[in-house]
Amino acid sequence: MIFLIAPFFLQGILMFFDEFYFHHRRGLPAWERIGHPLDTLSVLACFAFLVFYVPTEMNLKIYIGLCIFSSLFITKDEFIHAKKCAGGEHWLHSSLFILHPVVFFMGGLMWMRQIHLDLLVGQSFALIIFMIYQVIYWSLREKSQQ
């Protein structure tokens, strides 16, 4: 069990530091205020798929496609991050890029075996809450700085 859920917790810890340390320290330009909730949405799509669909061969292919899309999509900002971020944030991002497909693999494994499905539901709710936070907080912060 710990083998299945450890990547989720590690990813959560790293995301916490990325958001509440690095992003708050340097602020987010418009492209990140828009792009980061879209990143979260791409991850949410994967886990929501697992929550709402049963494991079949076709659904597994769809899930893999969603995971590939999300894993590539989250790297979209790295050309800009190369100019805006310090080394620690780059290291954290690279760690998240490694964990991203691992978490998807573990989620898919739980889904295929129909075990710990409550974790997949919880992950989906956590992603919804995080995405709402990203949109509201960074929109309000931008407005307060104008």
# chains A, B, ... in the order shown; residues from 1 in each chain; ligands from 1
$ residues_around --residues "Tyr53 of chain A" --least-positions-apart "6" --cutoff "12 Å" --atoms "only C-alpha atoms" --output "JSON, numbers by chain"
{"A": [45, 46, 47, 59, 60, 62, 63, 108, 111, 112, 114, 117, 120]}
$ closest_residue --among "A:Leu14, A:Met1, A:Ile80, A:Ile129" --to "Glu32 of chain A" --atoms "only C-alpha atoms"
A:Ile80
$ closest_residue --among "A:His81, A:Met58, A:Tyr137, A:Met131" --to "Ser94 of chain A" --atoms "only C-alpha atoms"
A:His81
$ residues_around --residues "Ile68 of chain A" --least-positions-apart "5" --cutoff "12 Å" --atoms "only C-alpha atoms" --output "ChimeraX atom specification"
/A:42-43,45-46,61-63,73-75,97,100-102,104-105
$ residues_around --residues "Leu10 of chain A" --least-positions-apart "5" --cutoff "12 Å" --atoms "only C-alpha atoms" --output "list in words"
Ile2, Phe3, Leu4, Ile5, Met15, Phe16, Phe17, Leu92, Ser95, Leu96, Ile98, Leu99, His100, Val102 and Val103 of chain A
$ write_last_selection --atoms "N, CA and C atoms" --output "CSV table (one decimal), in the first residue's frame"
chain,number,residue,atom,x,y,z
A,2,ILE,N,1.9,1.3,0.9
A,2,ILE,CA,2.7,2.5,0.9
A,2,ILE,C,3.4,2.8,-0.4
A,3,PHE,N,3.8,1.7,-1.1
A,3,PHE,CA,4.4,1.8,-2.4
A,3,PHE,C,3.5,2.5,-3.4
A,4,LEU,N,2.2,2.2,-3.3
A,4,LEU,CA,1.2,2.9,-4.2
A,4,LEU,C,1.0,4.3,-3.9
A,5,ILE,N,0.9,4.7,-2.6
A,5,ILE,CA,0.5,6.0,-2.3
A,5,ILE,C,1.7,7.0,-2.0
A,15,MET,N,4.7,20.0,-4.6
A,15,MET,CA,3.8,21.0,-5.1
A,15,MET,C,3.5,22.1,-4.1
A,16,PHE,N,3.4,21.7,-2.8
A,16,PHE,CA,3.2,22.7,-1.7
A,16,PHE,C,4.4,23.7,-1.7
A,17,PHE,N,5.6,23.2,-1.8
A,17,PHE,CA,6.8,24.1,-1.8
A,17,PHE,C,6.9,24.9,-3.0
A,92,LEU,N,13.2,21.4,-8.3
A,92,LEU,CA,11.9,21.0,-7.8
A,92,LEU,C,11.0,20.6,-9.0
A,95,SER,N,12.0,17.3,-10.4
A,95,SER,CA,11.5,16.2,-9.6
A,95,SER,C,10.0,16.0,-9.8
A,96,LEU,N,9.3,17.1,-10.0
A,96,LEU,CA,7.8,16.9,-10.3
A,96,LEU,C,7.6,16.3,-11.7
A,98,ILE,N,9.5,14.1,-13.0
A,98,ILE,CA,9.8,12.6,-12.8
A,98,ILE,C,8.6,12.0,-12.1
A,99,LEU,N,8.0,12.6,-11.1
A,99,LEU,CA,6.9,12.0,-10.4
A,99,LEU,C,5.6,12.0,-11.1
A,100,HIS,N,5.4,12.9,-12.0
A,100,HIS,CA,4.1,13.0,-12.7
A,100,HIS,C,3.7,11.7,-13.4
A,102,VAL,N,4.9,8.8,-12.7
A,102,VAL,CA,4.8,7.7,-11.7
A,102,VAL,C,3.5,7.8,-11.0
A,103,VAL,N,3.0,8.9,-10.6
A,103,VAL,CA,1.7,9.1,-10.0
A,103,VAL,C,0.6,8.6,-10.9
$ closest_residue --among "A:Arg113, A:Gly12, A:His90, A:Cys67" --to "Leu44 of chain A" --atoms "only C-alpha atoms"
A:Cys67
$ residues_around --residues "Trp31 of chain A" --least-positions-apart "6" --cutoff "12 Å" --atoms "only C-alpha atoms" --output "tab-separated table (two decimals) with C-alpha atoms, in the first residue's frame"
chain	number	residue	atom	x	y	z
A	37	PRO	CA	-4.43	26.18	-13.41
A	38	LEU	CA	-4.44	24.64	-16.89
A	39	ASP	CA	-1.66	22.29	-15.75
A	76	LYS	CA	5.24	24.04	-21.63
A	77	ASP	CA	6.56	26.78	-19.35
A	78	GLU	CA	10.11	25.53	-18.94
A	80	ILE	CA	10.28	30.77	-19.73
A	81	HIS	CA	11.14	29.25	-16.34
A	84	LYS	CA	12.66	33.44	-14.36
A	138	TRP	CA	-3.48	34.75	-8.27
